[in-house]
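S.K.: Quick one: this structure, given as structure tokens, is what I'll be asking you about.
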Amino acid sequence: MAAMNSRGAERLLGVAGSPHLLLVEDDPGDAFLFEELLAEAQPGVRITVATTLAEAVAALRPDIQCVIVDLSLPDARGLDALHEVRAHAPATAVLVLTGLADAHVGVAAVAAGAQDYLVKQDVDSALLTRAISYAIERKRADESERQLVEARALSRENARLERGLLPVPILHDRSLRHHARYRPGRDRALLGGDFHDTVETADGAVHVVIGDVSGHGADEASLGVRLRMAWRTLVLAGHTGPRLLDTLDAVLEHERWGEEIFTTVCMLTIAPDRRTARLHRAGHPRPLFFGPAGVEAIPDEPHGPALGLIPGAGWPAVDLELGDSWGLLLYTDGLIEGYTGDDGEHLDLSGLMRLAKTAHGTGQRGDVLVDGLIAEAERLNGDVLSDDLAVLLLSRGDG
């Protein structure tokens, strides 16, 4: 076989798409020997030859799978050639060539990032082919591991970010019990389009909100967080009732990415004496009231439309008499949109009422009550509930 041009010539030893190697070797005799060995062991191999580090850097292309580099080059010293090749082609396998007297340099090269090293005098066709295959597969494995580590780090960072965006209630009144459950419908997510929050203000009133952004996904989750934080800010600034909802409606209008996006909201303000409350609903499911007489749904009227639907809409209030012992369950429609069996019927408010009456009648309260309702809804559905889900129970006394 004729020797290749020592100034970076290229010879195709196989068909297009065959393995492509870059041999960096300044000795024409050694370069010819390696070509012969490779052609003997793997006739389909494609080789590009460079005689200097500068030629090698210029010859690097994405389709080259392995660089075989002699560390004794006229324009490189020590591990310079290895570092340059790795800097210009970080995803490409590198196989280092050394002489008998420099075997220790090969070990240092592997420690510095090469996939393997070969002593020139010991190389035959089988060893060379095996070393190249090993170098390529090891590089692939290293790259896959690197990507996996990066993905895990990104996942942990996103999880920390999402956990930081989940609400922490501002509630000082120890006579009130606060129980909340939150579960996004998206796999491996901590946030969904649903949101809830609880804030006790300096005047002693306790403000509660639960909401549901239409749609599913990361954009909806982001919008839900922004609306919740806007609500908390407005409450702490002293805003309540229709004025607060008007402002929240304006926030939604400016923050949403399409006019079809709307948000249902249920907002509750409990008086400092804890015996009365004022409720505003914007297209949201009716809360449940737990009292001495049992379980009942909050009256359907009056209420207003969901935020983002009707400009200038109003949101009238419902005044509630709570008494001394009570519980209020707020939830998003993810809890009631599951099925009740093979008949294709949804659980809906009526089904939730049946579950709540049974659970409350058997003495279930607090976390046990909330978790039990979710578990029963999932049992009837035959699987986990697929929609975003938020449930908040605020209670006093034995409610």
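To be explicit about the labels: the chains of the structure tokens are called A, B, and onward in the order shown, and within each one the residues are counted from 1, while ligands get numbers from 1 in the order they are shown.
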Would you list, as number ranges by chain, the residues of segment 208-368 of chain A that end up in strand (DSSP E or B) under DSSP run on this structure's backbone?
M.R.: A: 208-213, 263-270, 276-283, 288-291, 294-297, 304, 307, 317-321, 326-331, 339, 346
S.K.: Got a sec: who's within 7 Å of segment 94-98 of chain A, counting only C-alpha atoms, leaving out chain neighbours fewer than 6 positions off, as a PDB file with C-alpha atoms, in the first residue's frame?
M.R.:
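selection10.pdb, written as the output of this step:
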```
ATOM      1  CA  CYS A  66     -11.506   8.912  17.436  1.00  0.00           C
ATOM      2  CA  VAL A  67      -8.235  10.855  17.360  1.00  0.00           C
ATOM      3  CA  ILE A  68      -5.050   8.777  17.563  1.00  0.00           C
ATOM      4  CA  VAL A  69      -2.343  11.218  18.573  1.00  0.00           C
ATOM      5  CA  ASP A  70       1.389  10.804  18.971  1.00  0.00           C
ATOM      6  CA  LEU A  71       2.552  12.953  21.869  1.00  0.00           C
ATOM      7  CA  GLY A 106       0.595   7.441  28.442  1.00  0.00           C
ATOM      8  CA  ALA A 114      -7.459  10.368  27.132  1.00  0.00           C
ATOM      9  CA  GLN A 115      -9.519   7.198  26.808  1.00  0.00           C
ATOM     10  CA  ASP A 116      -6.485   4.916  26.471  1.00  0.00           C
ATOM     11  CA  TYR A 117      -2.820   4.787  25.386  1.00  0.00           C
ATOM     12  CA  LEU A 118      -0.724   2.443  23.244  1.00  0.00           C
ATOM     13  CA  VAL A 119       3.030   1.828  23.106  1.00  0.00           C
ATOM     14  CA  LYS A 120       3.938   1.926  19.416  1.00  0.00           C
ATOM     15  CA  ALA A 135     -11.786   4.335  23.340  1.00  0.00           C
TER      16      ALA A 135
END
```
S.K.: Might you pull out every residue within 8 Å of Asp319 of chain A, with only C-alpha atoms counted and same-chain residues fewer than 2 positions away left off, and present them as a compact mmCIF listing (two decimals) with N, CA and C atoms, in the first residue's frame?
M.R.:
```
# COMPACT_ATOMS: atom_id res chain seq x y z
N THR A 276 -67.44 34.39 61.65
CA THR A 276 -68.03 34.73 60.36
C THR A 276 -66.94 34.79 59.30
N ALA A 277 -67.38 34.71 58.06
CA ALA A 277 -66.43 34.77 56.94
C ALA A 277 -67.14 35.37 55.73
N ARG A 278 -66.33 35.92 54.85
CA ARG A 278 -66.85 36.45 53.58
C ARG A 278 -66.14 35.72 52.44
N LEU A 279 -66.97 35.24 51.50
CA LEU A 279 -66.46 34.40 50.42
C LEU A 279 -66.71 35.07 49.07
N ALA A 317 -70.13 39.03 47.06
CA ALA A 317 -69.69 38.28 48.24
C ALA A 317 -70.82 37.43 48.80
N GLU A 321 -72.06 32.40 58.25
CA GLU A 321 -72.06 32.25 59.70
C GLU A 321 -71.37 30.93 60.03
```
S.K.: Provide the atom CA of Gly399 of chain A to atom CA of Glu200 of chain A distance in Å, to one decimal place.
M.R.: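 Value for the atom CA of Gly399 of chain A-atom CA of Glu200 of chain A distance: 19.7 Å.
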S.K.: Write down as a PyMOL selection string the residues of segment 268-357 of chain A whose backbone DSSP state falls under alpha helix (DSSP H).
M.R.: chain A and resi 348-357
S.K.: Between atom CA of Ile261 of chain A and atom CA of Gly217 of chain A, what distance in Å does the model show, to one decimal?
M.R.: 12.7 Å
S.K.: Write out as number ranges by chain which residues come within 6 Å of segment 49-63 of chain A when counting only C-alpha atoms, dropping same-chain ones fewer than 6 positions away.
M.R.: A: 8, 22-26
S.K.: Keeping only N, CA, C and O atoms, write the selected residues to a file as a compact mmCIF listing (two decimals), in the first residue's frame.
M.R.:
```
# COMPACT_ATOMS: atom_id res chain seq x y z
N GLY A 8 -1.53 15.94 5.53
CA GLY A 8 -2.96 15.95 5.83
C GLY A 8 -3.81 15.36 4.74
O GLY A 8 -4.99 15.67 4.63
N LEU A 22 -8.88 10.15 12.97
CA LEU A 22 -7.84 11.15 12.69
C LEU A 22 -6.54 10.65 13.32
O LEU A 22 -6.48 10.50 14.55
N LEU A 23 -5.56 10.39 12.49
CA LEU A 23 -4.25 9.94 12.97
C LEU A 23 -3.30 11.14 12.94
O LEU A 23 -3.07 11.74 11.89
N VAL A 24 -2.74 11.47 14.11
CA VAL A 24 -1.82 12.60 14.22
C VAL A 24 -0.43 12.00 14.47
O VAL A 24 -0.10 11.62 15.59
N GLU A 25 0.37 11.92 13.41
CA GLU A 25 1.68 11.24 13.47
C GLU A 25 2.63 11.92 12.48
O GLU A 25 2.33 12.01 11.28
N ASP A 26 3.80 12.39 12.97
CA ASP A 26 4.73 13.10 12.10
C ASP A 26 5.75 12.19 11.43
O ASP A 26 6.50 12.62 10.55
```
S.K.: So how far away is atom CA of Leu389 of chain A from atom CA of Leu328 of chain A, in Å?
M.R.: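 If I compute the distance from atom CA of Leu328 of chain A to atom CA of Leu389 of chain A, I get 16.9 Å.
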S.K.: Name all residues at most 9 Å from segment 345-354 of chain A (count only C-alpha atoms; drop same-chain ones fewer than 3 positions away) and give them as a PyMOL selection string.
M.R.: chain A and resi 285-286+288+295-297+333+335-342+357-359+373+377+380-381
S.K.: Restricting the calculation to only C-alpha atoms: of A:Gly192, A:Pro90, A:Gly304, A:Gly372, which residue gets closest to Gln65 of chain A?
M.R.: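 Of A:Gly192, A:Pro90, A:Gly304, A:Gly372, the one nearest Gln65 of chain A, counting only C-alpha atoms, is A:Pro90.
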S.K.: Could you pull the residues within 12 Å of segment 220-224 of chain A, counting only C-alpha atoms, minus those fewer than 5 positions along the same chain, as number ranges by chain?
M.R.: A: 161-162, 165-167, 183-186, 189-197, 209-215, 229-231, 248, 251-258, 261-265, 388, 390
S.K.: Fewer than 3 positions away in the same chain doesn't count, so skip those; otherwise give me all residues within 9 Å of Leu245 of chain A, counting only C-alpha atoms, as a ChimeraX atom specification.
M.R.: /A:231,240-242,248-250,265,267,280,282,307,314-315
S.K.: Keeping only C-alpha atoms, write those residues as a PDB file, in the first residue's frame.
M.R.:
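In the end it all went to part-v9.pdb:
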```pdb
ATOM      1  CA  TRP A 231     -52.505  37.859  45.746  1.00  0.00           C
ATOM      2  CA  THR A 240     -59.589  42.553  50.027  1.00  0.00           C
ATOM      3  CA  GLY A 241     -62.768  41.579  48.215  1.00  0.00           C
ATOM      4  CA  PRO A 242     -63.741  42.782  44.725  1.00  0.00           C
ATOM      5  CA  LEU A 248     -55.692  40.169  40.159  1.00  0.00           C
ATOM      6  CA  ASP A 249     -57.733  40.146  36.969  1.00  0.00           C
ATOM      7  CA  ALA A 250     -55.528  42.944  35.605  1.00  0.00           C
ATOM      8  CA  VAL A 265     -60.451  31.639  42.086  1.00  0.00           C
ATOM      9  CA  MET A 267     -61.186  33.649  48.086  1.00  0.00           C
ATOM     10  CA  HIS A 280     -65.844  35.455  46.800  1.00  0.00           C
ATOM     11  CA  ALA A 282     -64.728  33.612  40.423  1.00  0.00           C
ATOM     12  CA  LEU A 307     -60.752  35.889  35.937  1.00  0.00           C
ATOM     13  CA  GLY A 314     -68.112  41.814  39.282  1.00  0.00           C
ATOM     14  CA  TRP A 315     -67.521  39.304  42.048  1.00  0.00           C
TER      15      TRP A 315
END
```
S.K.: Please determine, counting only C-alpha atoms, which residue among A:Val168, A:Pro74, A:Arg152, A:His284 has the shortest atom-to-atom distance to Asp27 of chain A.
M.R.: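 For Asp27 of chain A, the nearest of the candidates is A:Pro74.
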